[in-house]
Each structure stands twice: as structure tokens, then as C-alpha cells.
Amino acid sequence: MVSAPENSPTARVLRNLKDQAELNRTLESSDGLPQLKMLGQFGVLGRTNGDFEIRDKPSWAFGLMLSIPLSNGIEGILARKQYEEPVKQSLIKLESSLSEENFSFRTLQKQVSLLSSVIQQLNGPIDELAESVAREKNALKMGEKSAFIWLSSFNRLHDLEIERLSALKKYSASVSQARSLLASPLVF
């Protein structure tokens with residue numbers, strides 16, 4: 001079965017490349033944006049008294065740090081523009097190859113539908129041919145049966161003719177014996 005163009009390797013590469021370009025664009029643009037960081041620390045103040053450790057009080061520390069870059073914003077924009085141009089070119093190439101793949105897929109679908117219609121058109125004559133072959137086989141079997149019946153009838157007729165000739169020969173011999181007996185004088 002033919003796979004759909006959306007699931008083809010080219011389409012997956014194109015989607016991954018777009019996602020990667022979007023992520024890289026976001027990362028590049030974040031260098032020029034203000035950043036807010038949160039810091040935290042937890043500890044326990046304690047002292048040792050001989051062999052024992054005495055914990056006095058837990059200590060907590062939290063802090064927020066805000067950093068605003070002054071010069072990275074322009075560098076990030078320039079870096080992003082330098083990065084985006086090759087990505088755009090490769091995206092254009094991948095989209096054109098994807099459109100070619102879609103065209104190939106549609107062409108293949110048309111060829112498959114054409115082949116299926118040809119197969120459907122051929123199924124009718126093939127079915128008729130199969131039926132004709134079956135009829136010819138049946139006729140041949142019937143002809144073989146008829147030939148066998150005719151041959152057995154002919155053999156029986158031949159055997160009967162031989163018996164008739166044998167009986168005729170015996171009759172002829174009996175008649176000639178009877179004539180010879182009648183032609184000879186009777187002696188008492």
C-alpha cells in the first residue's frame with residue numbers, strides 16, 4: 001500500500017526542521033530579553049558542644065535577580081537574521097520536494113485507480129473464459145463417456161457377430177452332415 005505524503009520521511013523532516021527553527025528562533029531572541037531569576041537557599045545554624053551538635057535555628061533565604069541586557073538585543077537580532085536565511089532556504093527546498101512527493105503520490109493514486117478499473121474490465125472476459133473452459137471440459141467428459149459407450153457397444157456387436165458366424169459355421173456343418181446322411185442309402 002502507498003503511504004500518504006503526510007507520513008512520508010520528507011514531511012516528517014520538514015515538520016522537525018520547522019519545529020527546530022522555531023525553537024532556535026525563540027532561544028536566539030531570548031538573549032536580548034530581560035531575565036528574571038529566582039534564587040533560594042535553606043540552611044540550619046548550629047554549633048557543636050563537645051561531642052554533640054546543637055541546632056539552633058533553620059535559616060531560609062530567597063532572592064530575585066533581574067537582569068536587563070543592553071547590548072545583546074542587537075546581536076541576537078543579527079544572529080537570528082543570519083540563522084533564519086539558510087533555514088528559510090532549506091525549508092523552501094523541503095517544501096518543494098514535499099510538493100513533488102505529493103504530485104508523485106497523486107499520480108500513483110491515479111495509476112492505481114486506472115489499474116483497478118482495467119482489472120475490473122478484464123474480470124468479465126476472464127470469468128466468461130473460465131465458464132467456457134468449464135463447459136468444454138464437461139463436453140469433453142461427456143464425449144469421452146459417449147466414445148466409451150460407443151466403443152463398448154461396438155465390441156459387444158463384434159463379439160455377437162463372431163458368435164453369429166460361429167453359429168452359422170456350426171449350422172452349415174450340421175446341414176452338410178445332414179445332407180450327406182440323407183444322400184447315403186439307409187442300411188438296416
# chains A, B, ... in the order shown; residues from 1 in each chain; ligands from 1
$ select_by_dssp --residues "chain A" --states "alpha helix (DSSP H)" --output "VMD selection string"
chain A and resid 9 to 30 72 to 183
$ atom_distance --atom1 "CA of Ser99 in chain A" --atom2 "CA of Gln111 in chain A"
18.2 Å
$ select_by_dssp --residues "range 1-185 of chain A" --states "strand (DSSP E or B)" --output "PyMOL selection string"
chain A and resi 35-49+52-67
$ atom_distance --atom1 "CA of Gln82 in chain A" --atom2 "CA of Arg25 in chain A"
11.0 Å
$ residues_around --residues "range 92-98 of chain A" --least-positions-apart "5" --cutoff "10 Å" --atoms "only C-alpha atoms" --output "ChimeraX atom specification"
/A:5-6,8-11,13-15,17,86-87,103-104
